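One structure below.
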Amino acid sequence: MGKSRISNNIRKLRFFHDEMTQQQLAEKVGVTRQTIIAMEQEKYAPSLELAFRIARVFDVPLEEVFSYGAEAESK
Amino acid sequence: MSFQEKNVTVSLINFTLILGVFLIRVFQMILGGSFNSTNVFRLWVIVIALAILVTIFATILTHIFSAIIQAIKTGEENPKVEDLADERDRLIELRGTKVTYFVSSIGVFLSMLTFALGQPPLVMFTLLIFFGVVAQIIGDISRLVLYRRGF
């Protein structure tokens, strides 16, 4: 169960949103803090619904939060 | 450690203890010459009843102890235990169940094989419950591994 091919900018986006904590983000999107940690470490790829909820919290398009495969490697 | 993870840990401890009780009782029956259908089916009932009751009480106790630990940590009077199961918890649960079913399928096959090879039906029934508990333990271990890895 290695790293997911989906990478994300959740940690960076949290930092730029008043240093939002993992717990605060977890409460806003309705998951546990452990799930946010797993996503930030790119061990868990969220469902499409959760991905949209996270993008909505940061008020950015989905592609600014998540990227896939070769696109993720070029970052 | 999340509430769901604690629950899986408690379940693992419970089923390991149940397996221990089961094995001790089976060996006692074999050594004492009382390995007969009445005792084996009584043991079946005891193991199943233990599994159900211990699981229910363990979940309640885990909730209570989580609340106590939370209260000590935060100093709140009415601590909120985060017991929600999100999509990751549900996926881990499903994967664990898949492992449990896989192991129990092998167990059922092996148990029936002993019967086909000429062993008495009691051996088959004893092995069936043995593999049922072992499958639950392996399923819990796989859930814990997934929780520890992240997914």
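Chain labels A, B, ... are given in the sequence in which chains occur in the structure tokens; within each chain residues are numbered consecutively from 1, and ligands are likewise numbered from 1 in the order shown.
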
Go through chain B and flag each residue having an atom no more than 10 Å from chain A; for those, report the closest pair of atoms plus their distance in Å to one decimal, using only C-alpha atoms, ordered by chain and rising number, as a tab-separated table.
residue	atom	partner	partner_atom	distance
B:Met1	CA	A:Gln34	CA	8.1
B:Ser2	CA	A:Gln34	CA	7.1
B:Phe3	CA	A:Thr32	CA	9.6
B:Glu82	CA	A:Thr32	CA	7.7
B:Asp83	CA	A:Thr32	CA	8.8
B:Leu84	CA	A:Thr32	CA	7.4
B:Ala85	CA	A:Val31	CA	7.7
B:Asp86	CA	A:Val31	CA	5.2
B:Glu87	CA	A:Val31	CA	7.6
B:Arg88	CA	A:Thr35	CA	6.6
B:Asp89	CA	A:Thr35	CA	8.5
B:Leu146	CA	A:Met1	CA	8.4
B:Tyr147	CA	A:Gln34	CA	8.8
B:Arg148	CA	A:Ala38	CA	9.8
B:Arg149	CA	A:Lys43	CA	7.7
B:Gly150	CA	A:Ala38	CA	5.0
B:Phe151	CA	A:Tyr44	CA	5.8

Output the selection as a CSV table (one decimal), in the first residue's frame - C-alpha atoms for each residue.
chain,number,residue,atom,x,y,z
B,1,MET,CA,-5.2,6.7,17.7
B,2,SER,CA,-8.8,7.2,16.5
B,3,PHE,CA,-11.9,5.7,18.2
B,82,GLU,CA,-14.9,11.6,18.0
B,83,ASP,CA,-16.6,8.3,17.2
B,84,LEU,CA,-17.6,9.0,13.6
B,85,ALA,CA,-16.7,6.5,10.9
B,86,ASP,CA,-15.7,8.3,7.7
B,87,GLU,CA,-15.1,6.9,4.2
B,88,ARG,CA,-11.5,5.8,5.1
B,89,ASP,CA,-12.8,3.9,8.2
B,146,LEU,CA,-4.1,-0.4,7.3
B,147,TYR,CA,-4.8,2.2,10.1
B,148,ARG,CA,-1.1,2.3,11.0
B,149,ARG,CA,0.1,2.7,7.4
B,150,GLY,CA,-2.5,5.4,6.7
B,151,PHE,CA,-4.4,3.2,4.3

Skip Thr114 (chain B) itself and residues of its chain fewer than 3 positions away, then list as a PyMOL selection string all residues within 12 Å of it, counting only C-alpha atoms.
chain B and resi 107-111+117-128

Put those residues in a file: N, CA and C atoms, as a PDB file, in the first residue's frame.
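Produced file again.pdb, reproduced below:
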ATOM      1  N   GLY B 107     -10.618 -21.852   5.977  1.00  0.00           N
ATOM      2  CA  GLY B 107     -10.884 -22.634   7.185  1.00  0.00           C
ATOM      3  C   GLY B 107     -12.015 -23.641   6.990  1.00  0.00           C
ATOM      4  N   VAL B 108     -13.100 -23.196   6.347  1.00  0.00           N
ATOM      5  CA  VAL B 108     -14.240 -24.096   6.091  1.00  0.00           C
ATOM      6  C   VAL B 108     -13.784 -25.239   5.176  1.00  0.00           C
ATOM      7  N   PHE B 109     -12.988 -24.880   4.163  1.00  0.00           N
ATOM      8  CA  PHE B 109     -12.495 -25.904   3.238  1.00  0.00           C
ATOM      9  C   PHE B 109     -11.630 -26.932   3.983  1.00  0.00           C
ATOM     10  N   LEU B 110     -10.692 -26.439   4.793  1.00  0.00           N
ATOM     11  CA  LEU B 110      -9.803 -27.350   5.530  1.00  0.00           C
ATOM     12  C   LEU B 110     -10.593 -28.215   6.521  1.00  0.00           C
ATOM     13  N   SER B 111     -11.593 -27.612   7.165  1.00  0.00           N
ATOM     14  CA  SER B 111     -12.414 -28.369   8.119  1.00  0.00           C
ATOM     15  C   SER B 111     -13.150 -29.503   7.409  1.00  0.00           C
ATOM     16  N   LEU B 117     -11.390 -36.811   4.811  1.00  0.00           N
ATOM     17  CA  LEU B 117     -10.253 -37.728   5.021  1.00  0.00           C
ATOM     18  C   LEU B 117     -10.516 -38.757   6.128  1.00  0.00           C
ATOM     19  N   GLY B 118     -11.742 -38.772   6.616  1.00  0.00           N
ATOM     20  CA  GLY B 118     -12.129 -39.833   7.543  1.00  0.00           C
ATOM     21  C   GLY B 118     -12.121 -39.468   9.017  1.00  0.00           C
ATOM     22  N   GLN B 119     -11.907 -38.186   9.339  1.00  0.00           N
ATOM     23  CA  GLN B 119     -11.960 -37.765  10.754  1.00  0.00           C
ATOM     24  C   GLN B 119     -13.423 -37.655  11.195  1.00  0.00           C
ATOM     25  N   PRO B 120     -13.699 -37.814  12.489  1.00  0.00           N
ATOM     26  CA  PRO B 120     -15.099 -37.703  12.938  1.00  0.00           C
ATOM     27  C   PRO B 120     -15.643 -36.276  12.758  1.00  0.00           C
ATOM     28  N   PRO B 121     -16.977 -36.130  12.620  1.00  0.00           N
ATOM     29  CA  PRO B 121     -17.573 -34.800  12.408  1.00  0.00           C
ATOM     30  C   PRO B 121     -17.232 -33.805  13.517  1.00  0.00           C
ATOM     31  N   LEU B 122     -16.985 -34.289  14.733  1.00  0.00           N
ATOM     32  CA  LEU B 122     -16.652 -33.381  15.848  1.00  0.00           C
ATOM     33  C   LEU B 122     -15.390 -32.575  15.557  1.00  0.00           C
ATOM     34  N   VAL B 123     -14.435 -33.233  14.897  1.00  0.00           N
ATOM     35  CA  VAL B 123     -13.179 -32.536  14.545  1.00  0.00           C
ATOM     36  C   VAL B 123     -13.507 -31.401  13.586  1.00  0.00           C
ATOM     37  N   MET B 124     -14.387 -31.697  12.619  1.00  0.00           N
ATOM     38  CA  MET B 124     -14.761 -30.676  11.643  1.00  0.00           C
ATOM     39  C   MET B 124     -15.435 -29.479  12.341  1.00  0.00           C
ATOM     40  N   PHE B 125     -16.364 -29.757  13.252  1.00  0.00           N
ATOM     41  CA  PHE B 125     -17.071 -28.672  13.941  1.00  0.00           C
ATOM     42  C   PHE B 125     -16.122 -27.871  14.833  1.00  0.00           C
ATOM     43  N   THR B 126     -15.179 -28.568  15.470  1.00  0.00           N
ATOM     44  CA  THR B 126     -14.206 -27.867  16.321  1.00  0.00           C
ATOM     45  C   THR B 126     -13.324 -26.954  15.463  1.00  0.00           C
ATOM     46  N   LEU B 127     -12.893 -27.483  14.307  1.00  0.00           N
ATOM     47  CA  LEU B 127     -12.042 -26.676  13.428  1.00  0.00           C
ATOM     48  C   LEU B 127     -12.817 -25.504  12.826  1.00  0.00           C
ATOM     49  N   LEU B 128     -14.099 -25.690  12.573  1.00  0.00           N
ATOM     50  CA  LEU B 128     -14.910 -24.605  11.996  1.00  0.00           C
ATOM     51  C   LEU B 128     -14.916 -23.384  12.911  1.00  0.00           C
TER      52      LEU B 128
END

From the list B:Ala135, B:Leu53, B:Ile141, B:Val40, which residue is nearest Leu19 (chain B) when using only C-alpha atoms?
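The closest residue to Leu19 (chain B) is B:Ala135.
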
Using DSSP on the backbone, list every residue of chain A that comes out as alpha helix (DSSP H), and give them as a ChimeraX atom specification.
/A:10-16,22-29,33-40,48-58,62-65,70-73

Excluding Val8 (chain B) and any residue of its chain fewer than 2 positions from it, enumerate the residues within 9 Å of it, using only C-alpha atoms, and give them as a VMD selection string.
chain B and resid 3 to 6 10 to 13 140 to 141 143 to 144

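Atom pair CA of Thr55 (chain B) / CA of Phe35 (chain B): separated by 27.9 Å.
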
Out of region 2-71 of chain A, which residues get strand (DSSP E) from DSSP, as number ranges by chain?
A: 6-8, 66-68

What's the 7 Å shell around Pro79 (chain B), counting only C-alpha atoms, without same-chain residues fewer than 4 positions away, as JSON, numbers by chain?
{"B": [67, 70, 71]}

Calculate how many Å separate CA of Ile54 (chain A) from CA of Glu40 (chain A), rounding to one decimal.
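Calculated distance between CA of Ile54 (chain A) and CA of Glu40 (chain A) is 12.1 Å.
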
Find the distance between CA of Ser7 (chain A) and CA of Ala51 (chain A) and write it in Å to one decimal.
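Spanning CA of Ser7 (chain A) to CA of Ala51 (chain A) is a straight-line distance of 11.7 Å.
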